[in-house]
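Note: the block below is start08.cif and it holds mmCIF, C-alpha atoms and all ligand atoms.
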```cif
data_coords
#
loop_
_atom_site.group_PDB
_atom_site.id
_atom_site.type_symbol
_atom_site.label_atom_id
_atom_site.label_comp_id
_atom_site.auth_asym_id
_atom_site.auth_seq_id
_atom_site.Cartn_x
_atom_site.Cartn_y
_atom_site.Cartn_z
ATOM 1 C CA MET A 1354 23.630 13.279 -9.715
ATOM 2 C CA ALA A 1355 24.432 9.899 -11.303
ATOM 3 C CA THR A 1356 21.747 8.513 -13.609
ATOM 4 C CA ARG A 1357 21.346 5.234 -15.450
ATOM 5 C CA THR A 1358 21.694 5.443 -19.200
ATOM 6 C CA ASP A 1359 19.515 2.533 -20.261
ATOM 7 C CA THR A 1360 16.143 3.581 -18.931
ATOM 8 C CA ILE A 1361 13.049 5.137 -20.499
ATOM 9 C CA PHE A 1362 13.301 7.837 -17.876
ATOM 10 C CA GLU A 1363 16.839 8.717 -18.860
ATOM 11 C CA ARG A 1364 16.212 8.479 -22.607
ATOM 12 C CA PHE A 1365 12.940 10.380 -22.827
ATOM 13 C CA LEU A 1366 11.881 12.078 -19.611
ATOM 14 C CA ALA A 1367 15.186 13.368 -18.276
ATOM 15 C CA PRO A 1368 15.816 15.569 -21.371
ATOM 16 C CA ILE A 1369 12.255 16.951 -21.120
ATOM 17 C CA ALA A 1370 12.714 17.509 -17.389
ATOM 18 C CA LYS A 1371 15.942 19.405 -18.103
ATOM 19 C CA LEU A 1372 14.036 21.652 -20.508
ATOM 20 C CA VAL A 1373 11.180 22.543 -18.186
ATOM 21 C CA ILE A 1374 13.126 22.766 -14.942
ATOM 22 C CA ASN A 1375 14.889 25.971 -14.124
ATOM 23 C CA GLN A 1376 18.449 24.660 -13.839
ATOM 24 C CA ASP A 1377 19.832 27.915 -12.410
ATOM 25 C CA GLU A 1378 17.285 27.920 -9.630
ATOM 26 C CA LEU A 1379 18.093 24.295 -8.890
ATOM 27 C CA LYS A 1380 21.793 25.082 -8.747
ATOM 28 C CA ARG A 1381 21.217 28.094 -6.495
ATOM 29 C CA PHE A 1382 19.132 26.009 -4.107
ATOM 30 C CA HIS A 1383 21.766 23.264 -4.121
ATOM 31 C CA GLU A 1384 24.529 25.712 -3.325
ATOM 32 C CA SER A 1385 22.575 27.607 -0.658
ATOM 33 C CA ILE A 1386 22.577 24.625 1.714
ATOM 34 C CA ASP A 1387 25.341 22.759 3.499
ATOM 35 C CA TRP A 1388 23.817 19.371 2.643
ATOM 36 C CA GLU A 1389 26.218 17.172 4.547
ATOM 37 C CA ALA A 1390 25.842 19.192 7.764
ATOM 38 C CA ALA A 1391 22.047 19.435 7.433
ATOM 39 C CA SER A 1392 21.505 15.757 6.576
ATOM 40 C CA ASP A 1393 23.871 14.681 9.380
ATOM 41 C CA ARG A 1394 21.899 16.807 11.835
ATOM 42 C CA LEU A 1395 18.597 15.286 10.666
ATOM 43 C CA SER A 1396 19.928 11.702 10.581
ATOM 44 C CA ASN A 1397 19.130 9.153 13.208
ATOM 45 C CA PRO A 1398 22.235 6.949 13.334
ATOM 46 C CA THR A 1399 20.234 3.980 14.632
ATOM 47 C CA VAL A 1400 18.130 3.778 11.447
ATOM 48 C CA ALA A 1401 18.977 0.719 9.327
ATOM 49 C CA TYR A 1402 17.988 0.933 5.655
ATOM 50 C CA PRO A 1403 16.020 -2.085 4.436
ATOM 51 C CA THR A 1404 17.189 -3.753 1.228
ATOM 52 C CA TYR A 1405 13.982 -2.869 -0.688
ATOM 53 C CA TYR A 1406 14.865 0.816 -0.147
ATOM 54 C CA ARG A 1407 18.660 0.846 -0.301
ATOM 55 C CA SER A 1408 19.053 -1.413 -3.312
ATOM 56 C CA GLN A 1409 16.733 0.392 -5.718
ATOM 57 C CA ASN A 1410 17.056 3.310 -8.072
ATOM 58 C CA PHE A 1411 13.994 5.553 -8.128
ATOM 59 C CA HIS A 1412 13.070 7.696 -11.145
ATOM 60 C CA GLY A 1413 16.334 6.715 -12.806
ATOM 61 C CA ILE A 1414 18.434 8.152 -9.980
ATOM 62 C CA GLU A 1415 21.134 5.805 -8.759
ATOM 63 C CA GLY A 1416 21.079 5.572 -5.003
ATOM 64 C CA GLY A 1417 17.417 6.615 -5.063
ATOM 65 C CA TYR A 1418 16.265 8.847 -2.250
ATOM 66 C CA LEU A 1419 19.529 8.512 -0.341
ATOM 67 C CA THR A 1420 21.143 11.202 -2.491
ATOM 68 C CA ILE A 1421 21.327 14.978 -2.518
ATOM 69 C CA GLY A 1422 20.334 14.888 -6.216
ATOM 70 C CA ALA A 1423 16.991 13.252 -5.423
ATOM 71 C CA ALA A 1424 16.253 15.826 -2.739
ATOM 72 C CA VAL A 1425 17.167 18.819 -4.928
ATOM 73 C CA SER A 1426 15.250 17.652 -7.998
ATOM 74 C CA TYR A 1427 12.148 16.215 -6.282
ATOM 75 C CA ASP A 1428 9.983 19.352 -6.065
ATOM 76 C CA PRO A 1429 10.804 20.728 -9.550
ATOM 77 C CA ILE A 1430 9.930 17.327 -11.114
ATOM 78 C CA THR A 1431 6.886 16.560 -8.956
ATOM 79 C CA GLN A 1432 5.081 19.713 -10.034
ATOM 80 C CA TYR A 1433 4.807 18.106 -13.504
ATOM 81 C CA ALA A 1434 4.159 14.568 -12.277
ATOM 82 C CA LEU A 1435 0.811 15.272 -10.566
ATOM 83 C CA PRO A 1436 -1.629 16.455 -13.228
ATOM 84 C CA PRO A 1437 -3.746 18.477 -13.491
ATOM 85 C CA ASN A 1438 -2.142 20.438 -10.636
ATOM 86 C CA GLU A 1439 0.088 19.361 -7.743
ATOM 87 C CA GLN A 1440 -1.629 21.612 -5.195
ATOM 88 C CA TRP A 1441 -5.117 20.325 -6.105
ATOM 89 C CA VAL A 1442 -3.974 16.720 -5.804
ATOM 90 C CA ARG A 1443 -2.437 17.289 -2.364
ATOM 91 C CA GLN A 1444 -5.465 19.321 -1.295
ATOM 92 C CA ALA A 1445 -7.671 16.279 -2.071
ATOM 93 C CA LEU A 1446 -6.073 14.544 0.930
ATOM 94 C CA ILE A 1447 -6.618 17.565 3.192
ATOM 95 C CA ASP A 1448 -10.268 17.858 2.059
ATOM 96 C CA ALA A 1449 -10.926 14.213 2.932
ATOM 97 C CA ILE A 1450 -10.031 14.731 6.632
ATOM 98 C CA GLN A 1451 -13.200 14.494 8.698
ATOM 99 C CA SER A 1452 -12.019 15.498 12.174
ATOM 100 C CA LYS A 1453 -9.972 18.271 13.750
ATOM 101 C CA PRO A 1454 -6.777 16.418 14.638
ATOM 102 C CA ARG A 1455 -4.442 17.555 17.403
ATOM 103 C CA ARG A 1456 -1.478 15.268 16.672
ATOM 104 C CA ILE A 1457 -0.629 14.494 13.052
ATOM 105 C CA LEU A 1458 2.009 12.199 11.585
ATOM 106 C CA ASP A 1459 2.863 12.345 7.864
ATOM 107 C CA LEU A 1460 4.702 9.171 6.821
ATOM 108 C CA GLY A 1461 7.203 9.186 3.930
ATOM 109 C CA CYS A 1462 6.882 12.969 4.019
ATOM 110 C CA GLY A 1463 9.731 13.551 1.536
ATOM 111 C CA THR A 1464 10.317 17.252 0.993
ATOM 112 C CA GLY A 1465 7.306 18.031 3.189
ATOM 113 C CA SER A 1466 4.837 19.471 0.655
ATOM 114 C CA THR A 1467 1.816 17.631 2.106
ATOM 115 C CA THR A 1468 3.110 17.998 5.685
ATOM 116 C CA ILE A 1469 3.163 21.766 5.226
ATOM 117 C CA LEU A 1470 -0.427 21.762 3.912
ATOM 118 C CA LEU A 1471 -1.469 19.730 6.963
ATOM 119 C CA LYS A 1472 0.108 22.269 9.318
ATOM 120 C CA LYS A 1473 -1.558 25.136 7.434
ATOM 121 C CA ALA A 1474 -4.951 23.382 7.620
ATOM 122 C CA PHE A 1475 -4.560 22.613 11.344
ATOM 123 C CA PRO A 1476 -2.255 25.308 12.768
ATOM 124 C CA GLU A 1477 -2.999 24.292 16.372
ATOM 125 C CA ALA A 1478 -1.979 20.689 15.786
ATOM 126 C CA GLU A 1479 1.420 19.201 16.542
ATOM 127 C CA VAL A 1480 2.671 17.971 13.162
ATOM 128 C CA ILE A 1481 5.496 15.516 12.532
ATOM 129 C CA GLY A 1482 6.906 14.540 9.138
ATOM 130 C CA LEU A 1483 8.843 11.260 8.987
ATOM 131 C CA ASP A 1484 11.012 10.007 6.139
ATOM 132 C CA LEU A 1485 13.648 7.355 5.577
ATOM 133 C CA SER A 1486 15.902 9.754 3.686
ATOM 134 C CA PRO A 1487 17.662 12.447 5.728
ATOM 135 C CA TYR A 1488 18.410 14.217 2.417
ATOM 136 C CA MET A 1489 14.682 14.562 1.634
ATOM 137 C CA LEU A 1490 14.152 16.062 5.095
ATOM 138 C CA VAL A 1491 16.590 18.895 4.330
ATOM 139 C CA PRO A 1492 14.312 20.745 1.824
ATOM 140 C CA ALA A 1493 11.321 19.854 4.035
ATOM 141 C CA GLU A 1494 12.894 21.648 6.993
ATOM 142 C CA HIS A 1495 13.985 24.538 4.761
ATOM 143 C CA LYS A 1496 10.491 25.024 3.278
ATOM 144 C CA ALA A 1497 8.779 24.933 6.686
ATOM 145 C CA ALA A 1498 11.255 27.479 8.081
ATOM 146 C CA GLN A 1499 10.660 29.763 5.071
ATOM 147 C CA ALA A 1500 6.911 29.533 5.689
ATOM 148 C CA GLY A 1501 7.363 30.160 9.444
ATOM 149 C CA LEU A 1502 5.742 26.823 10.327
ATOM 150 C CA GLU A 1503 6.705 24.737 13.318
ATOM 151 C CA ILE A 1504 6.910 21.138 12.145
ATOM 152 C CA GLN A 1505 9.078 18.363 13.567
ATOM 153 C CA TRP A 1506 11.077 16.282 11.083
ATOM 154 C CA LYS A 1507 12.037 12.761 11.961
ATOM 155 C CA HIS A 1508 14.315 10.309 10.179
ATOM 156 C CA GLY A 1509 12.859 6.805 10.364
ATOM 157 C CA LEU A 1510 10.902 3.896 8.979
ATOM 158 C CA ALA A 1511 7.185 4.301 8.303
ATOM 159 C CA GLU A 1512 6.577 0.647 9.159
ATOM 160 C CA GLN A 1513 8.384 0.922 12.512
ATOM 161 C CA THR A 1514 8.222 4.498 13.701
ATOM 162 C CA GLY A 1515 9.076 3.992 17.356
ATOM 163 C CA PHE A 1516 6.227 6.270 18.518
ATOM 164 C CA PRO A 1517 4.026 4.973 21.351
ATOM 165 C CA ASP A 1518 0.640 3.295 20.783
ATOM 166 C CA ALA A 1519 -2.334 5.643 20.265
ATOM 167 C CA SER A 1520 -0.148 8.749 20.049
ATOM 168 C CA PHE A 1521 -1.772 10.372 16.959
ATOM 169 C CA ASP A 1522 -5.300 11.149 15.834
ATOM 170 C CA LEU A 1523 -4.388 11.535 12.150
ATOM 171 C CA VAL A 1524 -1.776 9.591 10.181
ATOM 172 C CA THR A 1525 -1.250 10.346 6.478
ATOM 173 C CA ALA A 1526 0.947 9.153 3.630
ATOM 174 C CA SER A 1527 1.092 10.814 0.227
ATOM 175 C CA LEU A 1528 2.795 9.146 -2.746
ATOM 176 C CA LEU A 1529 4.471 6.601 -0.459
ATOM 177 C CA PHE A 1530 2.714 3.315 -1.221
ATOM 178 C CA HIS A 1531 3.690 3.076 -4.898
ATOM 179 C CA GLU A 1532 7.306 3.315 -3.678
ATOM 180 C CA THR A 1533 7.190 0.278 -1.401
ATOM 181 C CA PRO A 1534 6.648 -3.463 -1.881
ATOM 182 C CA THR A 1535 3.072 -4.493 -1.039
ATOM 183 C CA ALA A 1536 4.174 -6.348 2.101
ATOM 184 C CA ILE A 1537 5.677 -3.078 3.408
ATOM 185 C CA ALA A 1538 2.550 -1.038 2.531
ATOM 186 C CA LYS A 1539 0.571 -3.540 4.617
ATOM 187 C CA ASP A 1540 3.089 -3.264 7.492
ATOM 188 C CA ILE A 1541 2.788 0.538 7.304
ATOM 189 C CA LEU A 1542 -1.013 0.336 7.604
ATOM 190 C CA ARG A 1543 -0.693 -1.941 10.643
ATOM 191 C CA GLU A 1544 1.706 0.622 12.138
ATOM 192 C CA CYS A 1545 -0.833 3.408 11.388
ATOM 193 C CA HIS A 1546 -3.482 1.400 13.234
ATOM 194 C CA ARG A 1547 -1.216 0.960 16.249
ATOM 195 C CA LEU A 1548 -0.325 4.668 16.287
ATOM 196 C CA LEU A 1549 -3.893 5.963 16.123
ATOM 197 C CA THR A 1550 -6.278 6.678 18.960
ATOM 198 C CA VAL A 1551 -9.736 5.083 18.672
ATOM 199 C CA GLY A 1552 -11.710 7.184 16.188
ATOM 200 C CA GLY A 1553 -8.462 8.417 14.608
ATOM 201 C CA GLU A 1554 -8.181 8.703 10.841
ATOM 202 C CA VAL A 1555 -5.730 7.356 8.286
ATOM 203 C CA LEU A 1556 -5.466 8.928 4.821
ATOM 204 C CA ILE A 1557 -3.466 7.565 1.912
ATOM 205 C CA LEU A 1558 -3.041 9.625 -1.249
ATOM 206 C CA ASP A 1559 -1.438 7.865 -4.200
ATOM 207 C CA GLY A 1560 -1.753 6.791 -7.818
ATOM 208 C CA ASN A 1561 -5.134 5.396 -8.849
ATOM 209 C CA GLN A 1562 -4.719 1.617 -8.775
ATOM 210 C CA LYS A 1563 -7.585 0.963 -11.237
ATOM 211 C CA SER A 1564 -6.165 3.404 -13.808
ATOM 212 C CA LEU A 1565 -2.586 2.193 -13.356
ATOM 213 C CA ARG A 1566 -3.698 -1.388 -14.064
ATOM 214 C CA GLN A 1567 -5.068 -0.235 -17.406
ATOM 215 C CA THR A 1568 -2.054 1.858 -18.409
ATOM 216 C CA GLU A 1569 0.986 -0.349 -18.004
ATOM 217 C CA TRP A 1570 3.075 1.916 -20.229
ATOM 218 C CA LEU A 1571 2.618 4.641 -17.605
ATOM 219 C CA THR A 1572 4.002 2.380 -14.899
ATOM 220 C CA ASP A 1573 7.120 1.789 -17.035
ATOM 221 C CA ILE A 1574 7.862 5.437 -17.685
ATOM 222 C CA PHE A 1575 8.537 6.680 -14.199
ATOM 223 C CA GLU A 1576 11.121 4.060 -13.229
ATOM 224 C CA GLU A 1577 9.354 3.059 -10.069
ATOM 225 C CA PRO A 1578 10.525 -0.393 -8.936
ATOM 226 C CA TYR A 1579 7.323 -1.313 -7.061
ATOM 227 C CA ILE A 1580 4.605 0.494 -8.997
ATOM 228 C CA ARG A 1581 3.395 -2.608 -10.894
ATOM 229 C CA GLU A 1582 2.950 -4.449 -7.620
ATOM 230 C CA TYR A 1583 1.156 -1.417 -6.204
ATOM 231 C CA ALA A 1584 -1.159 -1.214 -9.247
ATOM 232 C CA GLN A 1585 -2.218 -4.851 -8.848
ATOM 233 C CA GLY A 1586 -3.157 -4.309 -5.197
ATOM 234 C CA SER A 1587 -5.978 -2.604 -3.357
ATOM 235 C CA THR A 1588 -5.314 -0.028 -0.632
ATOM 236 C CA ASP A 1589 -8.952 -0.529 0.466
ATOM 237 C CA ALA A 1590 -8.389 -4.204 1.105
ATOM 238 C CA TRP A 1591 -5.014 -3.619 2.816
ATOM 239 C CA MET A 1592 -6.635 -1.051 5.097
ATOM 240 C CA GLY A 1593 -9.476 -3.397 6.006
ATOM 241 C CA ALA A 1594 -6.965 -6.168 6.753
ATOM 242 C CA ALA A 1595 -5.039 -3.789 9.036
ATOM 243 C CA GLY A 1596 -8.187 -3.394 11.144
ATOM 244 C CA PHE A 1597 -9.601 -0.091 9.849
ATOM 245 C CA GLY A 1598 -13.321 0.525 9.489
ATOM 246 C CA LYS A 1599 -15.387 2.829 7.237
ATOM 247 C CA VAL A 1600 -12.796 2.343 4.491
ATOM 248 C CA GLN A 1601 -13.497 4.364 1.379
ATOM 249 C CA THR A 1602 -11.497 5.280 -1.719
ATOM 250 C CA GLN A 1603 -12.280 8.383 -3.745
ATOM 251 C CA ASP A 1604 -10.888 8.794 -7.240
ATOM 252 C CA PHE A 1605 -9.374 12.147 -8.037
ATOM 253 C CA TRP A 1606 -8.898 13.143 -11.681
ATOM 254 C CA LEU A 1607 -8.734 9.457 -12.699
ATOM 255 C CA LEU A 1608 -4.989 9.302 -12.001
ATOM 256 C CA HIS A 1609 -5.051 9.669 -8.231
ATOM 257 C CA GLN A 1610 -6.947 8.215 -5.286
ATOM 258 C CA VAL A 1611 -7.454 9.082 -1.634
ATOM 259 C CA THR A 1612 -8.247 6.218 0.732
ATOM 260 C CA HIS A 1613 -9.727 7.005 4.131
ATOM 261 C CA GLY A 1614 -10.184 4.729 7.145
ATOM 262 C CA VAL A 1615 -11.063 5.085 10.794
ATOM 263 C CA LYS A 1616 -9.721 3.144 13.760
ATOM 264 C CA ALA A 1617 -12.800 1.561 15.250
ATOM 265 C CA ILE A 1618 -13.311 0.390 18.827
ATOM 266 C CA ALA A 1619 -11.715 -3.038 19.112
ATOM 267 C CA ALA A 1620 -14.236 -5.863 19.172
ATOM 268 C CA GLN A 1621 -13.988 -7.358 22.646
ATOM 269 C CA SER A 1622 -15.604 -10.408 24.098
ATOM 270 C CA VAL A 1623 -17.786 -9.058 26.893
ATOM 271 C CA GLU A 1624 -18.874 -11.362 29.679
ATOM 272 C CA PHE A 1625 -22.279 -10.642 31.172
ATOM 273 C CA SER A 1626 -23.094 -11.819 34.658
ATOM 274 C CA THR A 1627 -26.535 -13.410 34.697
ATOM 275 C CA PRO A 1628 -28.170 -12.830 38.044
ATOM 276 C CA ASN A 1629 -30.555 -15.578 39.013
ATOM 277 C CA PHE A 1630 -33.735 -14.905 40.902
ATOM 278 C CA GLU A 1631 -36.525 -17.008 42.341
ATOM 279 C CA THR A 1632 -40.217 -16.440 41.529
ATOM 280 C CA ALA A 1633 -43.142 -16.863 43.873
ATOM 281 C CA ASP A 1634 -43.728 -20.418 42.642
ATOM 282 C CA GLY A 1635 -40.128 -21.314 43.576
ATOM 283 C CA LYS A 1636 -38.769 -21.534 39.977
ATOM 284 C CA GLN A 1637 -35.205 -20.358 39.233
ATOM 285 C CA TRP A 1638 -34.863 -17.775 36.420
ATOM 286 C CA ALA A 1639 -31.791 -16.317 34.842
ATOM 287 C CA MET A 1640 -31.732 -12.830 33.358
ATOM 288 C CA GLY A 1641 -30.631 -12.331 29.813
HETATM 289 C C1 LIG A 1701 7.441 9.837 -3.852
HETATM 290 S S1 LIG A 1701 8.119 10.415 -2.377
HETATM 291 C C2 LIG A 1701 6.698 11.186 -1.614
HETATM 292 C C3 LIG A 1701 7.114 12.326 -0.724
HETATM 293 C C4 LIG A 1701 5.968 13.148 -0.165
HETATM 294 N N1 LIG A 1701 5.118 12.395 0.704
HETATM 295 C C5 LIG A 1701 5.155 13.787 -1.262
HETATM 296 O O1 LIG A 1701 3.929 13.660 -1.229
HETATM 297 O O2 LIG A 1701 5.734 14.443 -2.118
HETATM 298 C C6 LIG A 1701 8.300 8.956 -1.394
HETATM 299 C C7 LIG A 1701 9.036 9.217 -0.095
HETATM 300 O O3 LIG A 1701 8.856 8.080 0.747
HETATM 301 C C8 LIG A 1701 10.071 7.827 1.427
HETATM 302 N N2 LIG A 1701 10.034 6.424 1.852
HETATM 303 C C9 LIG A 1701 10.052 5.321 1.076
HETATM 304 N N3 LIG A 1701 9.958 4.215 1.838
HETATM 305 C C10 LIG A 1701 9.869 4.638 3.121
HETATM 306 C C11 LIG A 1701 9.726 3.971 4.373
HETATM 307 N N4 LIG A 1701 9.665 2.650 4.465
HETATM 308 N N5 LIG A 1701 9.667 4.718 5.492
HETATM 309 C C12 LIG A 1701 9.730 6.077 5.426
HETATM 310 N N6 LIG A 1701 9.864 6.757 4.273
HETATM 311 C C13 LIG A 1701 9.923 6.049 3.133
HETATM 312 C C14 LIG A 1701 11.143 8.185 0.441
HETATM 313 O O4 LIG A 1701 12.371 8.446 1.072
HETATM 314 C C15 LIG A 1701 10.531 9.406 -0.250
HETATM 315 O O5 LIG A 1701 10.916 10.589 0.378
#
```
Can you dump the structure from the file as structure tokens?
Ligand SMILES: C[S@@+](CC[C@H](N)C(=O)[O-])C[C@H]1O[C@@H](n2cnc3c(N)ncnc32)[C@H](O)[C@@H]1O
Amino acid sequence: MATRTDTIFERFLAPIAKLVINQDELKRFHESIDWEAASDRLSNPTVAYPTYYRSQNFHGIEGGYLTIGAAVSYDPITQYALPPNEQWVRQALIDAIQSKPRRILDLGCGTGSTTILLKKAFPEAEVIGLDLSPYMLVPAEHKAAQAGLEIQWKHGLAEQTGFPDASFDLVTASLLFHETPTAIAKDILRECHRLLTVGGEVLILDGNQKSLRQTEWLTDIFEEPYIREYAQGSTDAWMGAAGFGKVQTQDFWLLHQVTHGVKAIAAQSVEFSTPNFETADGKQWAMG
């Protein structure tokens, strides 16, 4: 795994990460999988990587998510990156779901940790995890198989999924928006709106924008190219602009937030016919 040498992440966090992460376990996991074969199988050759994704390093890893290194190290690092407890933070998204969805799409699913919780919460539902990195989908598929869960994994763009209109009743994204430019987060929300049935829910779990605005040093540490932009924005407002109703953000342990919205019935101009009738005195009246 190639890493930059001039970053805060590399200078301070990478050595700490090396201390707390079980390197042997990481190595064993790495060696237990034929990564090239698995990522080739999960790849969609028609997917074109946008510049905002391809050109950036994430968390100090050169090549970002399009590397085996990112996929192998993601889970061991993330368990320390979501205080007070990764499971609680992910569960906050599950707890905010208000319906019993039958078709669920998890965008930017990464190694599938939230996708797996969704399938466990709604075992009857058809669940699909979508990510732009075929390498990230490899551990996702592995973890679901280990847990005996049937989940479909799809390689693709969250902002242009290719699924038909109104084909899901729940669309989620955890820890995706701080990884994309604001314009793309907005495109993703418009795509969520298109994908949902009327009454369907969208749920976005990510860093708390209010807290991130007040702790700029935190935004520098994790080597996230778009996190400053994300911190200045408002997922609430983006969701409203995408057409969602009942938009609400709940803070979770100050550092995280879950934003919920519902696809409302589209406002339509309705034409009423106004039947005229004549009264006994011969006057014309119109109803309405
Ligand atoms: C921080 S990880 C979050 C993974 C997972 N959702 C989780 O909660 O752990 C961000 C993921 O989003 C993916 N991603 C970034 N931009 C994307 C896009 N435009 N479309 C689909 N996936 C994207 C990355 O490949 C990466 O796996």
Q. Which of these, A:Leu1435, A:Leu1483, A:Ala1424, A:Ala1526, has the shortest distance to Val1611 of chain A once you count all atoms listed in the file?
A. A:Ala1526
Q. Any chance you could work out the residue set of the PyMOL selection byres (((chain A and resi 1382) around 12) and not hetatm) here, as a count of residues only?
A. 24
Contact table chain A vs ligand LIG 1701 (chain A), cut-off 7 Å, shortest pair per residue, only C-alpha atoms and all ligand atoms, as CSV:
```
residue,atom,partner,partner_atom,distance
A:Tyr1406,CA,A:LIG1701,N3,6.3
A:Tyr1418,CA,A:LIG1701,O4,5.1
A:Leu1460,CA,A:LIG1701,C12,6.1
A:Gly1461,CA,A:LIG1701,N6,3.6
A:Cys1462,CA,A:LIG1701,N1,3.8
A:Gly1463,CA,A:LIG1701,O5,3.4
A:Thr1464,CA,A:LIG1701,C4,6.1
A:Gly1465,CA,A:LIG1701,C4,6.1
A:Ser1466,CA,A:LIG1701,O2,5.8
A:Thr1467,CA,A:LIG1701,O1,5.6
A:Leu1483,CA,A:LIG1701,C12,6.4
A:Asp1484,CA,A:LIG1701,N6,3.9
A:Leu1485,CA,A:LIG1701,N6,4.0
A:Ser1486,CA,A:LIG1701,O4,4.6
A:Met1489,CA,A:LIG1701,O5,5.6
A:Gly1509,CA,A:LIG1701,C12,5.9
A:Leu1510,CA,A:LIG1701,N5,3.8
A:Ala1511,CA,A:LIG1701,N5,3.8
A:Glu1512,CA,A:LIG1701,N4,6.0
A:Ala1526,CA,A:LIG1701,N1,6.0
A:Ser1527,CA,A:LIG1701,O1,4.3
A:Leu1528,CA,A:LIG1701,C2,4.5
A:Leu1529,CA,A:LIG1701,C6,4.6
A:Glu1532,CA,A:LIG1701,C9,5.8
A:Thr1533,CA,A:LIG1701,N3,5.8
```
(Q) Evaluated on this file, the PyMOL selection byres (((chain A and resi 1549-1566) around 6) and not hetatm) picks out some residues - which ones are they, written as a PyMOL selection string? (A) chain A and resi 1519+1521-1528+1546-1548+1567-1568+1584+1608-1618
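Among the candidates A:Ile1580, A:Arg1455, A:Phe1597, A:Pro1534, the residue lying nearest to Thr1404 of chain A is A:Pro1534 (atoms considered: all atoms listed in the file).
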